[in-house]
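S.K.: Sharing coords_13.cif below, mmCIF, C-alpha atoms and all ligand atoms:
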```cif
data_model
loop_
_atom_site.label_atom_id
_atom_site.label_comp_id
_atom_site.auth_asym_id
_atom_site.auth_seq_id
_atom_site.Cartn_x
_atom_site.Cartn_y
_atom_site.Cartn_z
CA MET A 96 35.26 28.43 -14.23
CA ARG A 97 34.87 31.90 -12.75
CA ARG A 98 32.40 32.93 -15.44
CA PHE A 99 30.33 29.78 -15.01
CA VAL A 100 30.26 30.04 -11.19
CA THR A 101 29.12 33.67 -11.49
CA ILE A 102 26.25 32.67 -13.79
CA TRP A 103 25.27 29.88 -11.41
CA ILE A 104 25.33 32.12 -8.32
CA VAL A 105 23.26 34.83 -10.04
CA ALA A 106 20.69 32.25 -11.20
CA THR A 107 20.50 30.80 -7.67
CA VAL A 108 20.10 34.22 -6.04
CA ILE A 109 17.19 34.97 -8.39
CA ALA A 110 15.51 31.55 -8.14
CA LEU A 111 15.84 30.86 -4.41
CA PRO A 112 13.51 33.61 -3.08
CA LEU A 113 10.95 32.69 -5.75
CA VAL A 114 11.07 29.05 -4.66
CA ILE A 115 10.86 29.82 -0.94
CA PHE A 116 8.31 32.65 -0.94
CA VAL A 117 6.24 32.12 -4.10
CA VAL A 118 6.25 28.38 -4.82
CA GLY A 119 6.77 27.16 -1.22
CA PRO A 120 3.43 28.26 0.30
CA GLU A 121 1.55 26.63 -2.61
CA LEU A 122 3.19 23.23 -2.19
CA PRO A 123 1.08 20.18 -1.31
CA PRO A 124 -0.53 18.95 0.85
CA GLY A 125 -1.68 22.41 2.07
CA HIS A 126 -2.64 23.38 5.60
CA GLY A 127 -5.42 21.01 6.63
CA SER A 128 -3.59 19.87 9.76
CA GLU A 129 -0.46 20.60 11.78
CA GLN A 130 1.15 17.59 10.10
CA ALA A 131 0.15 18.81 6.61
CA SER A 132 1.64 22.25 7.34
CA GLY A 133 4.78 20.49 8.54
CA LYS A 134 4.98 18.68 5.21
CA VAL A 135 4.65 21.98 3.33
CA THR A 136 7.64 23.24 5.37
CA ASP A 137 9.61 20.06 4.64
CA ASN A 138 8.79 20.22 0.92
CA THR A 139 9.90 23.85 0.84
CA VAL A 140 13.22 22.99 2.51
CA LEU A 141 13.79 20.13 0.06
CA LEU A 142 12.93 22.26 -2.94
CA ALA A 143 15.13 25.13 -1.71
CA LEU A 144 18.06 22.72 -1.31
CA ALA A 145 17.41 21.13 -4.70
CA THR A 146 17.24 24.48 -6.50
CA PRO A 147 21.01 25.27 -6.55
CA VAL A 148 21.73 21.65 -7.50
CA LEU A 149 19.27 21.70 -10.38
CA LEU A 150 20.60 25.08 -11.52
CA LEU A 151 24.20 23.83 -11.31
CA VAL A 152 23.43 20.91 -13.59
CA THR A 153 21.20 22.72 -16.08
CA THR A 154 23.25 25.92 -16.35
CA TYR A 155 26.44 23.89 -16.76
CA LEU A 156 24.78 21.84 -19.50
CA ILE A 157 23.78 25.00 -21.37
CA TYR A 158 27.14 26.66 -20.65
CA ALA A 159 29.06 23.63 -21.93
CA VAL A 160 27.01 23.45 -25.12
CA ILE A 161 27.87 27.09 -25.86
CA ALA A 162 31.43 27.42 -24.50
CA PHE A 163 32.84 24.03 -25.48
CA ARG A 164 31.19 23.77 -28.88
CA GLN A 165 33.16 21.89 -31.54
CA PRO A 166 34.56 24.51 -33.91
CA LYS A 167 33.43 24.29 -37.52
CA GLY A 168 35.82 22.30 -39.65
CA GLY A 169 37.54 19.05 -38.73
CA VAL A 170 36.62 16.89 -35.73
CA LEU A 171 39.13 17.76 -33.01
CA GLU A 172 39.95 15.73 -29.96
CA GLY A 173 39.62 17.58 -26.64
CA PRO A 174 42.54 18.04 -24.25
CA PRO A 175 43.19 15.00 -22.00
CA LEU A 176 41.64 15.14 -18.51
CA ARG A 177 43.81 14.07 -15.60
CA GLY A 178 41.40 14.75 -12.72
CA ASN A 179 41.22 17.72 -10.39
CA ALA A 180 41.83 16.85 -6.76
CA GLY A 181 40.42 20.12 -5.41
CA LEU A 182 37.20 19.89 -7.40
CA GLN A 183 36.75 16.21 -6.58
CA ALA A 184 37.25 16.78 -2.85
CA ALA A 185 34.91 19.78 -2.86
CA TRP A 186 32.26 17.72 -4.71
CA ILE A 187 32.43 14.83 -2.22
CA ILE A 188 32.37 17.16 0.80
CA ALA A 189 29.49 19.27 -0.54
CA THR A 190 27.28 16.32 -1.55
CA SER A 191 27.99 14.50 1.74
CA ALA A 192 27.12 17.63 3.70
CA VAL A 193 23.81 18.02 1.85
CA VAL A 194 22.78 14.38 2.30
CA LEU A 195 23.84 14.12 5.95
CA SER A 196 22.22 17.41 6.95
CA LEU A 197 18.99 16.28 5.26
CA ALA A 198 19.11 13.03 7.22
CA ALA A 199 19.54 15.00 10.46
CA PHE A 200 16.76 17.43 9.51
CA ALA A 201 14.36 14.58 8.67
CA THR A 202 15.10 12.77 11.93
CA VAL A 203 14.44 15.89 13.99
CA ARG A 204 11.22 16.64 12.06
CA LEU A 205 9.92 13.08 12.54
CA LEU A 206 10.60 13.14 16.28
CA THR A 207 9.32 16.66 17.03
CA ASP A 208 6.18 16.16 14.92
CA ASN A 209 5.34 12.72 16.41
CA GLY A 210 5.88 10.90 13.14
CA ALA A 211 4.78 13.78 10.87
CA GLY A 212 1.54 12.12 9.80
CA SER A 213 3.17 8.83 8.88
CA GLY A 214 2.58 5.49 10.50
CA SER A 215 4.89 5.06 13.49
CA GLY A 216 4.21 1.39 14.10
CA PRO A 217 2.57 -0.08 17.19
CA LYS A 218 4.95 1.71 19.60
CA PRO A 219 5.57 5.31 18.41
CA LEU A 220 8.86 6.82 19.57
CA THR A 221 7.11 10.07 20.53
CA VAL A 222 3.51 10.61 21.60
CA PRO A 223 1.79 14.03 21.73
CA LYS A 224 0.79 15.20 25.20
CA GLY A 225 -2.80 15.72 26.28
CA LYS A 226 -6.15 14.23 25.38
CA LYS A 227 -6.35 12.14 22.22
CA LEU A 228 -9.34 10.77 20.33
CA PRO A 229 -8.59 7.18 19.28
CA VAL A 230 -9.96 6.15 15.86
CA GLN A 231 -9.23 2.78 14.33
CA VAL A 232 -8.89 2.67 10.54
CA ILE A 233 -9.69 -0.80 9.23
CA ALA A 234 -8.73 -1.51 5.62
CA GLN A 235 -9.99 -4.45 3.63
CA GLN A 236 -10.57 -5.30 -0.01
CA TRP A 237 -11.98 -2.77 -0.94
CA ALA A 238 -13.12 -0.28 1.64
CA PHE A 239 -12.03 1.56 4.75
CA THR A 240 -14.15 1.47 7.88
CA TYR A 241 -13.56 3.34 11.13
CA ARG A 242 -14.00 2.16 14.69
CA PHE A 243 -14.39 4.48 17.67
CA PRO A 244 -13.41 2.61 20.87
CA THR A 245 -14.45 5.52 23.11
CA TYR A 246 -17.94 5.55 21.55
CA GLY A 247 -18.97 1.99 22.29
CA GLY A 248 -16.77 0.48 19.57
CA VAL A 249 -19.12 1.62 16.79
CA GLU A 250 -17.78 0.96 13.28
CA THR A 251 -18.66 3.55 10.62
CA THR A 252 -18.37 3.51 6.84
CA HIS A 253 -17.32 7.17 6.55
CA LEU A 254 -14.94 9.31 8.57
CA GLU A 255 -15.66 12.53 10.42
CA LEU A 256 -13.20 14.10 12.82
CA PRO A 257 -13.49 17.00 15.26
CA VAL A 258 -11.40 20.09 14.50
CA GLY A 259 -8.57 21.17 16.81
CA GLN A 260 -8.16 17.84 18.61
CA THR A 261 -5.33 15.34 18.58
CA ILE A 262 -6.54 12.26 16.73
CA GLU A 263 -4.78 8.97 17.39
CA LEU A 264 -5.34 6.78 14.35
CA HIS A 265 -4.78 3.05 14.63
CA VAL A 266 -4.40 1.75 11.09
CA THR A 267 -4.75 -1.96 10.40
CA SER A 268 -5.96 -4.34 7.69
CA LEU A 269 -8.09 -7.46 7.57
CA ASP A 270 -6.54 -8.99 4.48
CA VAL A 271 -3.77 -7.64 2.23
CA ILE A 272 -1.49 -4.59 2.53
CA HIS A 273 -3.33 -1.28 2.01
CA SER A 274 -2.30 2.28 2.80
CA PHE A 275 -4.52 4.85 4.47
CA TRP A 276 -3.97 8.18 2.73
CA ALA A 277 -5.88 11.28 3.89
CA PHE A 278 -4.20 13.74 1.56
CA GLN A 279 -5.29 17.13 2.92
CA LEU A 280 -4.57 15.96 6.49
CA GLY A 281 -1.01 15.01 5.55
CA VAL A 282 -1.60 11.43 6.69
CA LYS A 283 -0.28 8.36 4.92
CA ALA A 284 0.17 5.09 6.76
CA ASP A 285 0.54 1.46 5.78
CA ALA A 286 -2.39 -0.76 6.71
CA ASN A 287 -0.93 -4.20 7.32
CA PRO A 288 -2.81 -7.25 8.57
CA HIS A 289 -1.92 -8.05 12.19
CA VAL A 290 -0.20 -4.67 12.69
CA ASP A 291 -1.48 -1.72 14.73
CA ASN A 292 0.08 1.26 12.95
CA VAL A 293 -0.31 4.44 15.01
CA VAL A 294 -0.57 7.90 13.42
CA PHE A 295 -1.23 11.25 15.09
CA VAL A 296 -2.99 14.12 13.35
CA ASN A 297 -4.29 17.52 14.48
CA PRO A 298 -6.79 18.88 11.92
CA THR A 299 -6.62 22.68 12.04
CA LYS A 300 -9.72 23.70 10.08
CA ILE A 301 -13.20 22.58 9.13
CA GLN A 302 -12.82 20.96 5.72
CA THR A 303 -13.51 18.07 3.39
CA PHE A 304 -10.57 15.77 2.76
CA GLU A 305 -9.90 12.89 0.41
CA VAL A 306 -9.31 9.35 1.58
CA ARG A 307 -7.61 6.94 -0.76
CA CYS A 308 -5.84 3.64 -0.63
CA ALA A 309 -2.21 4.26 -1.62
CA GLU A 310 -1.10 0.67 -2.04
CA LEU A 311 -2.17 -1.42 -5.02
CA CYS A 312 -4.34 -3.97 -3.25
CA GLY A 313 -6.30 -5.81 -5.91
CA ILE A 314 -8.69 -5.26 -8.78
CA TRP A 315 -10.91 -2.65 -7.06
CA HIS A 316 -8.04 -0.77 -5.41
CA GLY A 317 -9.21 2.42 -7.14
CA MET A 318 -12.61 2.06 -5.47
CA MET A 319 -11.09 2.71 -2.05
CA PHE A 320 -11.92 6.37 -2.30
CA ASP A 321 -14.08 8.51 -0.05
CA HIS A 322 -14.45 12.02 1.26
CA GLY A 323 -13.95 12.57 4.98
CA HIS A 324 -14.97 15.66 6.90
CA VAL A 325 -13.42 17.70 9.67
CA VAL A 326 -16.29 19.26 11.60
CA SER A 327 -16.91 21.27 14.77
CA ASP A 328 -16.89 19.53 18.17
CA ALA A 329 -20.69 19.74 18.35
CA GLY A 330 -21.02 18.51 14.76
CA PHE A 331 -18.82 15.53 15.56
CA GLU A 332 -20.80 14.62 18.69
CA ARG A 333 -24.04 14.79 16.69
CA TRP A 334 -22.58 12.66 13.88
CA ILE A 335 -21.05 9.98 16.10
CA HIS A 336 -24.30 9.59 18.09
CA GLU A 337 -26.22 9.21 14.82
CA GLN A 338 -23.70 6.53 13.80
CA GLN A 339 -24.10 4.75 17.14
CA VAL A 340 -27.86 4.57 16.58
CA THR A 341 -27.64 3.60 12.88
CA PHE A 342 -25.04 0.88 13.41
CA ALA A 343 -26.32 -0.40 16.78
CA PRO A 344 -27.47 -3.76 15.29
CA ALA A 345 -24.02 -4.23 13.67
CA THR A 346 -22.11 -3.14 16.79
CA LYS A 347 -23.83 -5.94 18.75
CA VAL A 348 -22.38 -8.66 16.52
CA LEU A 349 -18.93 -7.11 15.93
CA PRO A 350 -15.89 -8.71 17.53
CA LYS A 351 -14.69 -6.89 20.65
CA TYR A 352 -12.53 -3.84 19.89
CA SER A 353 -8.98 -5.02 19.45
CA ARG A 354 -5.74 -3.65 18.04
CA THR A 355 -5.84 -6.07 15.11
CA TYR A 356 -8.30 -8.60 13.75
CA LEU A 357 -7.85 -11.81 11.84
CA PRO A 358 -11.14 -12.90 10.29
CA GLU A 359 -12.19 -16.52 9.91
CA PRO A 360 -10.64 -18.74 8.73
CA THR A 361 -7.70 -17.79 10.90
CA ARG A 362 -5.44 -20.48 9.47
CA ARG A 363 -4.82 -19.31 5.95
CA GLY A 364 -2.29 -19.96 3.27
CA GLU A 365 -1.40 -23.44 4.55
CU CU B 1 -6.37 -0.91 -0.61
#
```
Translate this structure into structure tokens?
Ligand SMILES: [Cu+2]

M.R.:
Amino acid sequence: MRRFVTIWIVATVIALPLVIFVVGPELPPGHGSEQASGKVTDNTVLLALATPVLLLVTTYLIYAVIAFRQPKGGVLEGPPLRGNAGLQAAWIIATSAVVLSLAAFATVRLLTDNGAGSGSGPKPLTVPKGKKLPVQVIAQQWAFTYRFPTYGGVETTHLELPVGQTIELHVTSLDVIHSFWAFQLGVKADANPHVDNVVFVNPTKIQTFEVRCAELCGIWHGMMFDHGHVVSDAGFERWIHEQQVTFAPATKVLPKYSRTYLPEPTRRGE
């Protein structure tokens, strides 16, 4: 026992700094937004906690294969096991402590990071202070479109966002369940018909990001892919005014901006 615990502790002491300082900063989804950076932190914490557990299991497996090897000769039966109250209690206490502290950590992270880039439903528990740019993400088979209520309700086929601002995404769907996934921005939110799913994101640098649908939504699910761009304030203003001009004929016939839409026929599945 003492020999094995020593091996385990030495392995952990070597591996832990490597995991935290070498692997950690390279973890996905990178640093495209405050929420993405938060996820890198969370992933590092999870990996750091998992490291001693993984080492415990793997080093014990190797140790057992070597130390408890069947001696050559006849097949011998091992000594009977009658349980070990101390070990069992320590195991239950340690695993409970890990799981409960992770639950507490996750709750705090979700609340302090305003949902941490995930969909917080129509009424988020926490809302970031200050000015926010509302952008509606509308999913349908098989494309995302984006509506800007503060720019005349124009609906665009691609997404550009200004850097350094708080973006308030309102994710919804016109038909089946999709999921809006902007990987480098650390955003992933369910797009459900008749639901206004709110997500906050603060892009921190000018960049290109991937947009995918992350919920199998039909035969062309894989087609729901696009590149979005985070641009300067001036670049965004230029782009959105171009979009307003380009899509002016469409904007005229669009339904009024609303939190959700149910296209005709509205009575379906009956
Ligand atoms: Cu989809």

S.K.: Pick out the residues sitting within 8 Å of Pro244 in chain A, and hand them over as a PDB file with C-alpha atoms, in the frame of the given file; count all atoms listed in the file, and ignore anything fewer than 5 positions along from it in its own chain.

M.R.:
```pdb
ATOM      1  CA  PRO A 229      -8.590   7.180  19.280  1.00  0.00           C
ATOM      2  CA  VAL A 230      -9.960   6.150  15.860  1.00  0.00           C
ATOM      3  CA  GLN A 231      -9.230   2.780  14.330  1.00  0.00           C
ATOM      4  CA  VAL A 249     -19.120   1.620  16.790  1.00  0.00           C
ATOM      5  CA  TYR A 352     -12.530  -3.840  19.890  1.00  0.00           C
TER       6      TYR A 352
END
```

S.K.: Tell me, as a PyMOL selection string, which residues lie within 6 Å of range 261-264 of chain A, counting all atoms listed in the file; anything in the same chain fewer than 5 positions away does not count.

M.R.: chain A and resi 227-231+293-297

S.K.: Can you pull out every residue with an atom within 7 Å of ligand CU 1 (chain B)? Use only C-alpha atoms and all ligand atoms and format it as a list in words.

M.R.: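 Residues satisfying the distance criterion: Ala234, Gln235, Gln236, Trp237, Ile272, His273, Ser274, Cys308, Ala309, Glu310, Leu311, Cys312, His316 and Met319 of chain A.
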
S.K.: Identify which of the residues A:Thr101, A:Lys347, A:Pro120, A:Asp137 lies closest to Thr202 in chain A, counting all atoms listed in the file when measuring atom-to-atom distances.

M.R.: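 Of the candidates, the smallest distance to Thr202 in chain A is held by A:Asp137.
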
S.K.: Nearest residue to Leu197 in chain A out of A:Ser215, A:Gly169, A:Val140, A:Tyr241, using all atoms listed in the file?

M.R.: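 For Leu197 in chain A, the nearest of the given residues is A:Val140.
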